[in-house]
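Structure first, then comments.
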Amino acid sequence: MIHYIIRRFLYAIPLLMGVNILTFVLFFIVNSPDDMARMQLGQKYVTGQAISNWKHQHGYDLPLLWNDTEKGEKKITRTIFYQKSAGLFMFRFGVSDSGRNIGADIQERMWPSLAIALPTLCVGLMVDISFALLMALFRGSYLERAGIVLCVILMSISSLFYIIGGQFFIAKLLRLVPISGYDDDMAAIKFLILPVLIGVISGVGSGVRWYRTLFLEEVEKDYVRTARAKGLSETQTLFRHVLRNALIPVLTGVVVILPLLFMGSLIMESFFSIPGLGSYTIDAINSQDFAIVRAMVFLGSVLYVLGLLLTDISYTLVDPRVRLS
Amino acid sequence: MSSFLSMKIQTYEVLLFLAVFLTACDVSPLNDPYPENESKLSILYQSFSERPKHLDPAVAYSENEYAFIAQIYEPPFQYHYLKRPYQLTPLTASKMPEINYLNKQGEKLGEDAKESDIAYTDYVIDIQPNIQYQPHPALAKNERGDYIYHHLTEAQIQSLNTLNDFKETGSRELTAEDYVYQIKRLANPKIQSPIAEIMKNYIVGFDDFSKQASDKQKTDIKNMPMSGVEAINRYRYSVRIKGKYPQFRFWLAMPFFSAMPWEADVFYDQSGLSDKNITLDWFPLGTGPYLLAENNPNRRMILLKNPLFHLEKYPSEGEPEDKQNGLLIDAGKRLPFIDKVEFMLEKETIPYWTKFLQGYYDASGISSDSFDQAVQFTGSGGVALTSSMKKKGVRMQTLVETSIFYMGFNMLDTTVGGDSERARKLRQAIAIAVDYEEYISIFRNGRGVVAQGVIPPGIFGYVEGKDGINSYSYDWVDGKPQRKKIDVARKLVAEAGYPDGIDPKTGEALILYFDTTSVSIDDRPTMNWYRKQFEKLGITLVIRATDYNRFQEKMRAGNEQIFVWGWNADYPDPENLFFLLYGANSKVKHGGENAVNYQNPEFDRLFELMRNMDNSEQRYRIIQKLQEIVRRDAPWVFGFYPKNFSLYHSWYSNLKPNSMANNRLKYTRIDPDARAEKRQAWNKPIFWPLALGGLLFVLMLLPAFNAYRRRARETLQ
């Protein structure tokens, strides 16, 4: 397995380089270094000299990908791409265009993102699996059909509606929790209740339907029939056998998204003023801060690759038939 | 019997408890976003929607940055809080600057010297003694008098996370040298001050200093001289300006010219601190009424009262109605009144507005979403608060900002630009057709005043009433300006060579192009509205929507035709508005702020005459001539001066709108007890819908439970 993991890591290097180049090219097709300077310098009294100064100070006065004026390896190293991107592979994210250390910002902001994402995932899983099991239990009945209709309705509603509706009903009308904000340590709990609740409810429709499909697939298998023939009740069959076997795809589905939980939720964080990485990325895009955009895309790619690797490993752990080679 | 009775009582108690619980008569607010122990403290709660990019006074230049640094840093002068028109008063200075005019030989001239004779102007500024900086680690010294934190080791830096991790702090007296040092910082290319390019045209030696400093370390500039700026003694410094530039006094009231101790740069420039985001750009060091105690722009920023703040008192005079409005109750009292100010990050308008209504923010602007909830129009066309706002005791203040939004014509364009009579008539016709009264009503909920000229109210040269109207677009009817009838505009279009809007070259409707950055679906109604305004003249308006960068490119290259733009005055002087039409500031030719590339020799001559004049009758007359030229030539369709509506809770006092002073926090006061009481009353939680929801859920599960039991029985059978 060690060889497999090393090989996967080596595969990741060209992949991440590709992502980096793509981000770079896409960003600079839309924004030139001059545009970035103008954005940072503001609206008033922005002269050509001020733009040149800004570019020089921030290292954007070099050619983008190839430096004709230099010799040897400097043709590549004395470029914006190399200067800004090489450090990423050592996880040195550098300084944002507005002057803040990106690594320090990421370290600070990933915890609030995680504080919403992790409880949302855990509570959501429990709720989704419980309801999916109930639907599997009552398969073929009007209860299941009503459940499916309800799931489809829940899936059809925009997540924005859940957020605004939740804020209006629970925080404004019932005044049960603060409508937005965040705090340190345990004081954060009261701010997390509403976003977590909304996150769970907005995911119930799709989650329940997905897990119901998994459970129904298992329910039809021979070992379940055998269990029933041995005289086990429907509940015992479901909880002791079906649930355990259906957990394999559930587990692998969860493992793949675990690393991405750090990346935060773009809309949720914005509406609830939670200082996570989701809002960090959105702000960077709006302010054309290439350094942050590049760092966040890179980090997202690394975490995604890591998630896929963890999924593969988790398969071997939960299913003895699978071997990595 | 007794047991039955006690059971009955228990049931009754339970019911009573439930009733109390569900109606929650006395439950403390659960939605309070702040710690409970803060509820009765003198803390002002405000919000910010975008994190400030810079807090270094040499770099910061936007409103959201000034909201913080104007409370922390102190320039030598400030705007009087109550007096209007806006008036400068000393802040850290002991008196207004001494202004000396000099000829080319450096000889002193009289106050009434001709502008042509004046080669230089010396601004000599005296500052008050005994003003101390806020406590800060950069100023901390040990017993031997050495700075403790100016030579940090790598290990020390590794152990730090924020500025608060430094145990020791120190302070020292503000000196004239600190103001000189800050001017040197403005010139230092490594600092990248946005006003460096302007100041090199005015301050003697600024440009040379900038060139010399380009290859030096940030901290080396302390001992490098700048020929035009010197500290005469510990409390006096002078700045030499090229020629006569009376507006320089306004710059001296902006944070750019605040004092900065050299120790700040030495401290923050230590390698490794910036990796922890501990920089001067994020942790200011000033002499102002507040210090930045917490800087987490991702969540909140906290200002605390500066314990070493010098003696400054609330003004004891203002406008005649100020006394009646209770604005002089605190006259002569020591500033500031509020102990702590918490700025919370709030990106979306819905939670922001809700928190204001719940009493968790002390003041609020009014977004379009909440406008109808807050404000209603009275029969006479005025605005008033809605009854729900009045019931809460909310008060409203309005302020016409010293800004202008206009529609510009690219004067280099062959169709709408140029000095020909044809093009002028076309522009004048469009100026009549584009009905900004309607625009303000539809798109801004009445939050604007239609502009009749370049100068907004509150700035010298603005004229109200009949004499102040744009006679090319308006008539004075029944004591108010009335837009000219559309037929007048149609006639002008015909005279311009486009009868009924038909372009004789093509035989079809004249096509004009409107360049904009409004690309979202929300902007469609506005764009459609602009189209309709042009359709009144038979002209087809084509919207060329593009992203901001491409739009800027078009503007720089002069490839736009018609656009909308705005300007917010830096200081209350007409020069800061008319320069937007000065030929030498043309965007295409000179990269300046004249976005329409307007060039009129007579206008330029009068502008050059007016710009360096002191306010006088003569200057006033020239300003009116300038207005007349611009109204006739119509390079702009004067759009509107934005009107700002602000709401304040009843516990917030000493409020007077002031679009020039950014350091207003020190004058304001709150009553925390009244606030705590109102918050308690407004935020009682309601539980019964939850109980009802729970009950419904149980009822929904009952059929499932029954079905399960039935199935279990069937399985058994």
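For the structure tokens, the naming scheme is as follows: chains receive sequential letters (A, B, ...) according to their order of presentation, residues are indexed from 1 within each chain, and ligands are indexed from 1 in presentation order.
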
What are the DSSP strand (DSSP E or B) residues of range 447-593 of chain B, as a short mmCIF file (atom, residue, chain, number, x, y, z; two decimals) with C-alpha atoms, in the first residue's frame?
```
data_model
loop_
_atom_site.label_atom_id
_atom_site.label_comp_id
_atom_site.auth_asym_id
_atom_site.auth_seq_id
_atom_site.Cartn_x
_atom_site.Cartn_y
_atom_site.Cartn_z
CA GLY B 448 -30.61 62.07 -4.04
CA VAL B 449 -30.90 65.70 -5.11
CA VAL B 450 -30.91 66.47 -8.82
CA TYR B 474 -34.62 73.72 -16.40
CA ASP B 475 -37.07 76.56 -16.03
CA TRP B 476 -37.95 78.19 -12.75
CA VAL B 477 -41.70 77.58 -12.30
CA LYS B 480 -38.97 75.47 -8.04
CA PRO B 481 -36.92 74.15 -10.95
CA GLN B 482 -38.89 72.34 -13.63
CA ARG B 483 -37.24 70.21 -16.28
CA ILE B 502 -33.00 60.14 -37.46
CA ASP B 503 -29.38 60.03 -38.54
CA GLU B 508 -32.43 55.33 -39.43
CA ALA B 509 -32.52 56.23 -35.77
CA ILE B 511 -27.38 55.01 -32.55
CA LEU B 512 -25.43 56.03 -29.45
CA TYR B 513 -23.39 53.75 -27.19
CA PHE B 514 -23.57 53.58 -23.44
CA ASP B 515 -20.54 51.98 -21.80
CA THR B 516 -21.11 50.48 -18.41
CA THR B 540 -31.39 54.22 -30.05
CA LEU B 541 -29.11 53.61 -27.11
CA VAL B 542 -26.95 50.52 -27.32
CA ILE B 543 -25.70 49.23 -23.99
CA ARG B 544 -22.10 48.05 -24.07
CA ALA B 545 -21.73 46.24 -20.77
CA ILE B 562 -21.46 57.82 -23.02
CA PHE B 563 -20.98 56.58 -19.46
CA VAL B 564 -21.92 57.33 -15.87
CA TRP B 565 -19.28 58.21 -13.32
CA GLY B 566 -19.00 59.80 -9.90
CA TRP B 567 -16.72 61.83 -7.70
CA ASN B 568 -16.52 62.23 -3.97
CA SER B 586 -7.74 64.91 -19.51
#
```

Can you build me a table of chain A residues sitting at most 8 Å from chain B, with the closest atom pair per residue and its distance in Å to one decimal, using only C-alpha atoms, sorted by chain and residue number, as a Markdown table?
```
| residue | atom | partner | partner_atom | distance |
| --- | --- | --- | --- | --- |
| A:Asn31 | CA | B:Asn549 | CA | 7.1 |
| A:Asp35 | CA | B:Asn549 | CA | 6.0 |
| A:Leu41 | CA | B:Pro194 | CA | 6.7 |
| A:Gly42 | CA | B:Tyr61 | CA | 7.8 |
| A:Lys44 | CA | B:Glu593 | CA | 7.7 |
| A:Tyr45 | CA | B:Pro194 | CA | 6.8 |
| A:Val46 | CA | B:Pro194 | CA | 7.0 |
| A:Thr47 | CA | B:Gly591 | CA | 6.6 |
| A:Gly48 | CA | B:Gly591 | CA | 7.7 |
| A:Gln49 | CA | B:Glu197 | CA | 7.8 |
| A:Ala50 | CA | B:Glu197 | CA | 7.2 |
| A:Asn53 | CA | B:Pro189 | CA | 6.8 |
| A:Trp54 | CA | B:Gln192 | CA | 6.9 |
| A:Gln57 | CA | B:Lys190 | CA | 7.0 |
| A:Ser98 | CA | B:Lys53 | CA | 6.1 |
| A:Arg100 | CA | B:Asn277 | CA | 5.7 |
| A:Asn101 | CA | B:Asp275 | CA | 5.4 |
| A:Ala104 | CA | B:Lys276 | CA | 6.2 |
| A:Phe138 | CA | B:Tyr708 | CA | 7.6 |
| A:Leu143 | CA | B:Ala704 | CA | 7.0 |
| A:Gln167 | CA | B:Pro351 | CA | 7.7 |
| A:Ala171 | CA | B:Asn31 | CA | 6.9 |
| A:Lys172 | CA | B:Thr354 | CA | 6.8 |
| A:Leu173 | CA | B:Ile686 | CA | 7.8 |
| A:Leu174 | CA | B:Ile686 | CA | 4.8 |
| A:Arg175 | CA | B:Pro685 | CA | 4.8 |
| A:Leu176 | CA | B:Leu30 | CA | 5.3 |
| A:Val177 | CA | B:Asn31 | CA | 4.1 |
| A:Pro178 | CA | B:Asn31 | CA | 3.9 |
| A:Ile179 | CA | B:Pro351 | CA | 5.8 |
| A:Ser180 | CA | B:Pro351 | CA | 6.2 |
| A:Gly181 | CA | B:Pro33 | CA | 6.8 |
| A:Tyr182 | CA | B:Arg299 | CA | 7.2 |
| A:Phe191 | CA | B:Pro33 | CA | 7.7 |
| A:Ser233 | CA | B:Ala712 | CA | 7.5 |
| A:Glu234 | CA | B:Ala712 | CA | 7.6 |
| A:Ser270 | CA | B:Lys347 | CA | 6.2 |
| A:Phe271 | CA | B:Glu348 | CA | 5.7 |
| A:Phe272 | CA | B:Pro351 | CA | 7.7 |
| A:Ser273 | CA | B:Glu346 | CA | 5.6 |
| A:Ile274 | CA | B:Arg299 | CA | 7.2 |
| A:Pro275 | CA | B:Asn298 | CA | 5.1 |
```

**OP:** Within range 173-302 of chain A, find each residue whose DSSP state, derived from the backbone, is helix (DSSP H, G or I), and express the selection as an NGL selection string.
**Re:** :A and (173 or 185-219 or 222-229 or 234-257 or 259-263 or 266-271 or 277-286 or 290-302)

Put those residues in a file: C-alpha atoms, as a tab-separated table (two decimals), in the first residue's frame.
```
chain	number	residue	atom	x	y	z
A	173	LEU	CA	-39.46	36.02	14.36
A	185	ASP	CA	-14.25	28.87	21.61
A	186	MET	CA	-17.51	27.74	23.23
A	187	ALA	CA	-19.13	31.12	22.70
A	188	ALA	CA	-19.29	30.20	19.02
A	189	ILE	CA	-21.98	27.57	19.67
A	190	LYS	CA	-24.91	29.96	19.70
A	191	PHE	CA	-23.78	31.34	16.33
A	192	LEU	CA	-23.40	27.88	14.83
A	193	ILE	CA	-26.82	26.46	15.71
A	194	LEU	CA	-28.68	28.19	12.91
A	195	PRO	CA	-26.18	27.66	10.05
A	196	VAL	CA	-25.77	24.01	11.04
A	197	LEU	CA	-29.53	23.51	11.24
A	198	ILE	CA	-30.00	25.14	7.85
A	199	GLY	CA	-27.12	23.14	6.40
A	200	VAL	CA	-28.70	19.92	7.63
A	201	ILE	CA	-32.22	20.73	6.45
A	202	SER	CA	-31.07	21.93	3.04
A	203	GLY	CA	-29.21	18.65	2.54
A	204	VAL	CA	-31.92	16.32	3.82
A	205	GLY	CA	-33.74	15.92	0.50
A	206	SER	CA	-30.79	14.74	-1.55
A	207	GLY	CA	-29.11	12.92	1.33
A	208	VAL	CA	-32.12	10.82	2.27
A	209	ARG	CA	-32.81	9.89	-1.32
A	210	TRP	CA	-29.20	8.84	-1.89
A	211	TYR	CA	-29.00	6.71	1.26
A	212	ARG	CA	-32.42	5.24	0.63
A	213	THR	CA	-31.16	4.02	-2.77
A	214	LEU	CA	-28.13	2.43	-1.10
A	215	PHE	CA	-30.28	0.72	1.53
A	216	LEU	CA	-32.83	-0.53	-0.97
A	217	GLU	CA	-30.04	-2.01	-3.08
A	218	GLU	CA	-28.80	-3.90	-0.04
A	219	VAL	CA	-32.28	-4.96	1.06
A	222	ASP	CA	-29.44	-12.74	-0.79
A	223	TYR	CA	-27.92	-12.36	2.66
A	224	VAL	CA	-30.85	-10.19	3.71
A	225	ARG	CA	-33.30	-12.80	2.50
A	226	THR	CA	-31.34	-15.40	4.46
A	227	ALA	CA	-31.47	-13.24	7.56
A	228	ARG	CA	-35.22	-12.89	7.22
A	229	ALA	CA	-35.57	-16.67	6.62
A	234	GLU	CA	-37.35	-6.38	9.81
A	235	THR	CA	-35.74	-3.95	12.26
A	236	GLN	CA	-33.06	-6.41	13.24
A	237	THR	CA	-32.34	-7.13	9.58
A	238	LEU	CA	-32.09	-3.48	8.73
A	239	PHE	CA	-29.93	-2.36	11.64
A	240	ARG	CA	-27.73	-5.41	12.07
A	241	HIS	CA	-27.09	-6.36	8.44
A	242	VAL	CA	-28.30	-3.86	5.88
A	243	LEU	CA	-26.97	-0.77	7.64
A	244	ARG	CA	-23.55	-2.30	8.27
A	245	ASN	CA	-23.07	-3.34	4.63
A	246	ALA	CA	-24.51	-0.13	3.20
A	247	LEU	CA	-22.06	1.85	5.29
A	248	ILE	CA	-19.23	1.05	2.87
A	249	PRO	CA	-20.38	3.48	0.14
A	250	VAL	CA	-21.56	5.88	2.87
A	251	LEU	CA	-18.13	5.87	4.49
A	252	THR	CA	-16.20	6.30	1.29
A	253	GLY	CA	-18.56	9.08	0.22
A	254	VAL	CA	-17.87	10.88	3.48
A	255	VAL	CA	-14.11	10.36	3.46
A	256	VAL	CA	-13.75	12.00	0.05
A	257	ILE	CA	-15.26	15.24	1.30
A	259	PRO	CA	-10.47	17.30	3.59
A	260	LEU	CA	-12.68	19.73	1.70
A	261	LEU	CA	-14.55	20.64	4.86
A	262	PHE	CA	-11.70	23.06	5.59
A	263	MET	CA	-12.52	25.02	2.46
A	266	LEU	CA	-19.20	30.30	0.16
A	267	ILE	CA	-22.80	31.42	0.67
A	268	MET	CA	-23.33	30.25	4.23
A	269	GLU	CA	-20.26	32.03	5.55
A	270	SER	CA	-21.19	35.20	3.78
A	271	PHE	CA	-24.77	35.30	5.11
A	277	LEU	CA	-12.18	30.24	4.02
A	278	GLY	CA	-15.27	30.32	1.81
A	279	SER	CA	-15.79	34.03	2.29
A	280	TYR	CA	-12.01	34.51	2.06
A	281	THR	CA	-12.04	33.10	-1.48
A	282	ILE	CA	-15.06	35.11	-2.57
A	283	ASP	CA	-13.52	38.33	-1.25
A	284	ALA	CA	-10.28	37.57	-3.08
A	285	ILE	CA	-12.09	37.02	-6.37
A	286	ASN	CA	-14.00	40.26	-5.95
A	290	PHE	CA	-4.49	36.77	-7.49
A	291	ALA	CA	-2.20	35.63	-4.67
A	292	ILE	CA	-5.15	34.45	-2.57
A	293	VAL	CA	-7.12	32.99	-5.48
A	294	ARG	CA	-4.07	31.00	-6.58
A	295	ALA	CA	-3.40	29.77	-3.03
A	296	MET	CA	-7.00	28.73	-2.46
A	297	VAL	CA	-7.31	26.92	-5.79
A	298	PHE	CA	-4.05	25.11	-5.07
A	299	LEU	CA	-5.15	24.21	-1.56
A	300	GLY	CA	-8.51	23.00	-2.85
A	301	SER	CA	-6.79	20.81	-5.43
A	302	VAL	CA	-4.40	19.34	-2.86
```

Original post:
Within 9 Å of Asp269 in chain B, counting only C-alpha atoms, which residues qualify if same-chain residues fewer than 3 places away don't, as a count of residues only?
Top reply: 10

**OP:** Excluding Asp68 in chain A and residues on its chain fewer than 6 positions from it, collect all residues at most 12 Å away from it, counting only C-alpha atoms, and give them as a PyMOL selection string.
**Re:** chain A and resi 62+74-79

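Picture a line from CA of Thr402 in chain B to CA of Gln627 in chain B; it runs 16.5 Å.
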